[in-house]
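First up is the structure itself, then whatever we jot down about it.
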Amino acid sequence: MNEKIKKLVVAAMLTAIGFALSGFSFPIGASKCFPIQHLINVVSGVILGPAYSVLVAFCISVLRNLAGTGSLLAFPGSMVGAFLCGMMYKYTKKLAFAYIGEVFGTAVLGGMLCYPVATMLMGKEAALFAYVIPFGVSTLGGTCIAAILLAALYRSGAMKYVRDVLGSERKQAK
C-alpha cells in the first residue's frame, strides 16, 4: 500500500479517536480545554509529521465545533501546537523538542492567536494573553499523557513497528 494512504488512514484513526473523546473537556474561562487534542497532536506530530498533524488538528476542531463540544478557539490553539510539535520533531528527532513545540505552540502562540478570533469572530472581550494560561493547562496535561504513551510505545517496540508499517524513517529517537 502507498505510504501516503497509510499515513492518511492513521490520520483518520487519530481524528476519530480525538472526536470520540471530545466530551472529555473542562472549561477554563472562555475556553474549553481538551487535553486529548494535545495528546493527539504530539502522537501525530511524531508519527506522521507536521502536515498530517495539522490536518488531524483541523479535522478534530471542525468535528468538535459541528458537534457543539468545541469552540472557534480550538483552531488556532490546536493547529499551531500540532505544527510546531511536528516541525520540532522532524528537524531534531528528539521527543523532548516535540513536547516543547506542542506546549509553546499551543499555549503561547496559539493562545495569542486566539485574541483576534475571540474579539472579532466571537464578539468576546479578551486580552492578548488571556488564553495563554488556560491553553497551557490543557496542553501540559495532554503532552504529559503523550509522553507516557510514547515512552511505552518505544519501550515495547511498537513504535518501531509503526514506523516500519508507515515506511517512515528508520532512525528512532528518544
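Scheme for the C-alpha cells: letters A, B, ... for chains in order shown; per-chain residue numbers from 1; ligand numbers from 1 in order shown.
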Give me the residues near A:Cys114 as a list in words, where near means some atom within 8 Å (using only C-alpha atoms) and where sequence neighbours in that chain fewer than 5 positions away do not count. Leu73, Pro76, Gly77 and Tyr131 of chain A
Expected file contents, prior selection, N, CA and C atoms, as a CSV table (one decimal), in the first residue's frame:
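File produced: result.csv:
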```csv
chain,number,residue,atom,x,y,z
A,73,LEU,N,-12.0,28.8,19.1
A,73,LEU,CA,-10.7,28.9,19.7
A,73,LEU,C,-9.9,27.6,19.5
A,76,PRO,N,-6.9,27.9,16.3
A,76,PRO,CA,-5.5,28.4,16.4
A,76,PRO,C,-4.8,27.6,17.5
A,77,GLY,N,-5.5,27.3,18.6
A,77,GLY,CA,-4.9,26.6,19.7
A,77,GLY,C,-4.3,25.3,19.3
A,131,TYR,N,-5.7,33.7,26.9
A,131,TYR,CA,-5.8,32.3,26.6
A,131,TYR,C,-4.5,31.5,26.9
```
Could you give me, as a Markdown table, every stretch 30-88 of chain A residue with an atom at most 8 Å from stretch 145-159 of chain A, plus its closest atom pair and distance in Å to one decimal, counting only C-alpha atoms, rows ordered by chain then number?
```
| residue | atom | partner | partner_atom | distance |
| --- | --- | --- | --- | --- |
| A:His38 | CA | A:Ala146 | CA | 7.9 |
| A:Leu39 | CA | A:Ala146 | CA | 4.8 |
| A:Ile40 | CA | A:Ala146 | CA | 7.6 |
| A:Val42 | CA | A:Ala146 | CA | 6.4 |
| A:Val43 | CA | A:Ala146 | CA | 6.6 |
```
If you run DSSP on the backbone here, which positions in chain A get strand (DSSP E or B)? Please write them as a ChimeraX atom specification. /A:26-28,31-33
Written selection (N, CA and C atoms) as an mmCIF file, in the first residue's frame:
```
data_model
loop_
_atom_site.group_PDB
_atom_site.id
_atom_site.type_symbol
_atom_site.label_atom_id
_atom_site.label_comp_id
_atom_site.auth_asym_id
_atom_site.auth_seq_id
_atom_site.Cartn_x
_atom_site.Cartn_y
_atom_site.Cartn_z
ATOM 1 N N PHE A 26 -12.913 20.438 29.832
ATOM 2 C CA PHE A 26 -13.309 21.211 31.004
ATOM 3 C C PHE A 26 -13.130 22.694 30.699
ATOM 4 N N PRO A 27 -14.044 23.517 31.241
ATOM 5 C CA PRO A 27 -13.945 24.954 30.953
ATOM 6 C C PRO A 27 -12.922 25.640 31.859
ATOM 7 N N ILE A 28 -12.140 26.507 31.248
ATOM 8 C CA ILE A 28 -11.282 27.430 31.994
ATOM 9 C C ILE A 28 -11.496 28.785 31.337
ATOM 10 N N SER A 31 -12.608 29.435 27.428
ATOM 11 C CA SER A 31 -12.181 28.342 26.549
ATOM 12 C C SER A 31 -12.565 26.985 27.129
ATOM 13 N N LYS A 32 -12.701 26.017 26.227
ATOM 14 C CA LYS A 32 -12.918 24.636 26.626
ATOM 15 C C LYS A 32 -11.595 23.911 26.457
ATOM 16 N N CYS A 33 -10.999 23.475 27.553
ATOM 17 C CA CYS A 33 -9.704 22.806 27.489
ATOM 18 C C CYS A 33 -9.915 21.329 27.187
#
```
Mind listing the helix (DSSP H, G or I) residues of chain A, per DSSP on the backbone, as a PyMOL selection string? chain A and resi 3-20+35-47+50-67+74-92+95-121+132-156+158-166
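Using only C-alpha atoms, the shortest contact distance between A:Lys160 and any of A:Ile36, A:Ile47, A:Lys90, A:Val117 is found at A:Ile47.
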Excluding same-chain residues fewer than 2 positions from stretch 57-62 of chain A, what lies within 6 Å of it counting only C-alpha atoms, as a list of chain:residue names? A:Thr15, A:Phe19, A:Val54, A:Leu55, A:Arg64, A:Asn65, A:Ala74, A:Phe75, A:Ser78, A:Met79
Can you write just those residues out, N, CA, C and O atoms, as a tab-separated table (two decimals), in the first residue's frame?
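Full text of again_34.tsv as output:
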```tsv
chain	number	residue	atom	x	y	z
A	15	THR	N	-7.94	11.15	14.17
A	15	THR	CA	-9.05	12.11	14.16
A	15	THR	C	-10.28	11.49	14.81
A	15	THR	O	-10.96	12.13	15.62
A	19	PHE	N	-12.10	12.87	18.13
A	19	PHE	CA	-13.50	13.25	18.15
A	19	PHE	C	-14.31	12.41	19.13
A	19	PHE	O	-15.16	12.92	19.84
A	54	VAL	N	-1.20	18.82	11.49
A	54	VAL	CA	-2.08	19.99	11.34
A	54	VAL	C	-3.42	19.57	10.75
A	54	VAL	O	-4.48	20.04	11.19
A	55	LEU	N	-3.40	18.67	9.79
A	55	LEU	CA	-4.64	18.17	9.19
A	55	LEU	C	-5.52	17.49	10.25
A	55	LEU	O	-6.72	17.73	10.32
A	64	ARG	N	-15.49	18.83	16.32
A	64	ARG	CA	-15.90	19.27	17.66
A	64	ARG	C	-16.83	20.47	17.58
A	64	ARG	O	-17.80	20.57	18.33
A	65	ASN	N	-16.56	21.39	16.67
A	65	ASN	CA	-17.44	22.55	16.50
A	65	ASN	C	-18.80	22.15	15.96
A	65	ASN	O	-19.82	22.66	16.41
A	74	ALA	N	-10.55	26.50	19.22
A	74	ALA	CA	-9.86	25.22	19.03
A	74	ALA	C	-8.94	25.26	17.81
A	74	ALA	O	-7.93	24.57	17.80
A	75	PHE	N	-9.28	26.07	16.82
A	75	PHE	CA	-8.48	26.09	15.60
A	75	PHE	C	-7.07	26.64	15.82
A	75	PHE	O	-6.11	25.91	15.57
A	78	SER	N	-5.05	24.46	18.62
A	78	SER	CA	-4.58	23.10	18.30
A	78	SER	C	-3.65	23.07	17.10
A	78	SER	O	-2.66	22.34	17.09
A	79	MET	N	-3.95	23.83	16.08
A	79	MET	CA	-3.20	23.71	14.83
A	79	MET	C	-1.78	24.25	14.94
A	79	MET	O	-0.85	23.66	14.39
```
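Taking atom CA of A:Leu63 and atom CA of A:Cys144 as the two end points, the separation is 24.2 Å.
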At a cut-off of 12 Å, using only C-alpha atoms, what residues contact A:Gly136? Leave out same-chain residues fewer than 6 positions from it and give the result as a VMD selection string. chain A and resid 28 31 33 to 35 38 77 to 78 81 100 102 to 112 129 to 130 142 to 144
Under the rule that only C-alpha atoms are counted, which of A:Thr69, A:Thr119, A:Ser44, A:Ser22 is the nearest residue to A:Phe83? A:Ser44
A straight line from atom CA of A:Val46 to atom CA of A:Ala20 spans 21.2 Å
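Checking A:Met87, A:Thr92, A:Tyr99, A:Ala67 one by one against A:Thr139, counting only C-alpha atoms, you find the shortest gap at A:Tyr99.
Within 8 Å of stretch 7-12 of chain A, once only C-alpha atoms are used and residues closer than 5 positions along the same chain are dropped, the contacting residues are Ser44, Leu48, Tyr52, Ser53, Leu55, Val56 and Leu166 of chain A.
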Next, write the just-selected residues to a file, as a compact mmCIF listing (two decimals), in the first residue's frame, keeping N, CA, C and O atoms as the atom set.
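Below is the file selection_18.txt, written as the result:
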```txt
# COMPACT_ATOMS: atom_id res chain seq x y z
N SER A 44 0.54 12.41 16.61
CA SER A 44 0.53 12.58 15.15
C SER A 44 1.75 13.35 14.67
O SER A 44 2.29 13.05 13.60
N LEU A 48 3.48 11.04 12.20
CA LEU A 48 3.10 11.41 10.83
C LEU A 48 3.81 12.65 10.29
O LEU A 48 3.85 12.84 9.07
N TYR A 52 0.48 16.31 8.33
CA TYR A 52 -0.63 15.44 8.75
C TYR A 52 -1.11 15.81 10.15
O TYR A 52 -2.29 15.71 10.45
N SER A 53 -0.20 16.24 11.00
CA SER A 53 -0.56 16.64 12.35
C SER A 53 -1.51 17.84 12.33
O SER A 53 -2.49 17.89 13.06
N LEU A 55 -3.40 18.67 9.79
CA LEU A 55 -4.64 18.17 9.19
C LEU A 55 -5.52 17.49 10.25
O LEU A 55 -6.72 17.73 10.32
N VAL A 56 -4.92 16.66 11.09
CA VAL A 56 -5.66 15.98 12.16
C VAL A 56 -6.24 17.00 13.13
O VAL A 56 -7.42 16.93 13.50
N LEU A 166 4.51 2.25 8.28
CA LEU A 166 4.28 3.50 7.57
C LEU A 166 5.39 3.84 6.57
O LEU A 166 5.26 4.77 5.80
```
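For the choices A:Met88, A:Leu66, A:Leu113, A:Val132, the atom-to-atom distance to A:Gly101 is smallest for A:Met88 when using only C-alpha atoms.
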